[in-house]
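Here's the structure, in structure tokens; my notes come after.
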Amino acid sequence: MHQNAWRAILAALADDRAREIYARIVLAQPIDEALATIPPKKAQRITESLTAAGLVSATAEGLVAVPDVFARALASASGPARREGVERFLEDGRVVGMPARATDRQALLEHLATRVLAPGDTVSEAEINARLVGVTDDVAGLRRAFVDHGLLVRTADGSVYSRA
């Protein structure tokens, strides 16, 4: 099934009458009476669109519902691209969660440290806080994690930070 098969399904079911006909087919009810109340050309378009979308198939007994059409459409639809590396923990460049695994946490912290402070730079606590606001809601926690992981060095009084 094509990855955009869901579009044909939605298009076929967008019409009220088509949904009614499809519901009757799914419930194994006769459709001749319902089709008789619709102009012949529209009735033909409805059955053709339901068939083309893969919702029904023609048999010797008439139209029958295709049981797995929705599951197949969902399986073939492309989902959002799977994020990899540190991007798994970022949304729009901001931290959405600190990784539990130590190696992931170290990689994320190294990535963020290069974004907020260049090697050899020295800044005040207020300046590092202002930079961290752009990447996290927990400024103090991230600043502390940088120091704990040896990515930032702070003076004894905590007023100046520099990249290690």
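Here, A, B, ... name the chains of the structure tokens in the order displayed, residue numbers run from 1 inside each chain, and ligands are numbered from 1 in the same displayed order.
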
Subject >> Who sits within 6 Å of region 3-17 of chain A, only C-alpha atoms, same chain under 6 positions skipped, as a VMD selection string >> reply: chain A and resid 49 to 50 53 73 76 to 77

How would the residues just chosen look if you wrote them out with C-alpha atoms as a PDB file, in the first residue's frame?
```pdb
ATOM      1  CA  SER A  49     -14.178   5.781  -4.898  1.00  0.00           C
ATOM      2  CA  LEU A  50     -14.762   3.220  -2.125  1.00  0.00           C
ATOM      3  CA  ALA A  53      -9.491   3.633  -1.918  1.00  0.00           C
ATOM      4  CA  ALA A  73      -2.924   2.407   5.572  1.00  0.00           C
ATOM      5  CA  SER A  76       2.317   2.372   5.228  1.00  0.00           C
ATOM      6  CA  ALA A  77       2.005   5.994   6.335  1.00  0.00           C
TER       7      ALA A  77
END
```

**OP:** as a PyMOL selection string, list the residues of chain A assigned to helix (DSSP H, G or I) by DSSP on the backbone atoms of this structure.
**Re:** chain A and resi 5-13+16-26+32-36+40-52+69-76+85-89+102-116+125-132+139-148

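DSSP on the backbone gives strand (DSSP E) for these parts of region 71-116 of chain A: Leu90, Glu91, Arg94 and Val95 of chain A.
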
Store the residues of this selection in a file with N, CA and C atoms, as a PDB file, in the first residue's frame.
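Heads up, here's the output in result.pdb:
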```pdb
ATOM      1  N   LEU A  90      16.237  17.049  22.641  1.00  0.00           N
ATOM      2  CA  LEU A  90      16.023  18.463  22.369  1.00  0.00           C
ATOM      3  C   LEU A  90      14.769  18.656  21.523  1.00  0.00           C
ATOM      4  N   GLU A  91      14.094  19.750  21.766  1.00  0.00           N
ATOM      5  CA  GLU A  91      12.976  20.146  20.928  1.00  0.00           C
ATOM      6  C   GLU A  91      13.153  21.634  20.672  1.00  0.00           C
ATOM      7  N   ARG A  94      15.938  23.168  22.608  1.00  0.00           N
ATOM      8  CA  ARG A  94      15.832  23.249  24.070  1.00  0.00           C
ATOM      9  C   ARG A  94      15.750  21.850  24.666  1.00  0.00           C
ATOM     10  N   VAL A  95      16.298  21.699  25.856  1.00  0.00           N
ATOM     11  CA  VAL A  95      16.295  20.412  26.547  1.00  0.00           C
ATOM     12  C   VAL A  95      14.868  20.072  26.966  1.00  0.00           C
TER      13      VAL A  95
END
```

Subject >> Who sits within 12 Å of Gly141 (chain A), only C-alpha atoms, same chain under 4 positions skipped, as a list in words >> reply: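 These residues fall inside the cut-off: Val95, Gly97, Met98, Leu109, Asn129, Leu132, Val133, Val135, Thr136, Asp137, Ala145, Phe146, Val147 and Asp148 of chain A.
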
**OP:** Just give me the gap between CA of Ala118 (chain A) and CA of Ser162 (chain A) in Å, one decimal is fine.
**Re:**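 Atom-to-atom, CA of Ala118 (chain A) to CA of Ser162 (chain A), that is 8.6 Å.
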
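With distances restricted to only C-alpha atoms, A:Arg154 is the closest residue to Asp121 (chain A) from A:Arg24, A:His2, A:Arg154, A:Arg45.
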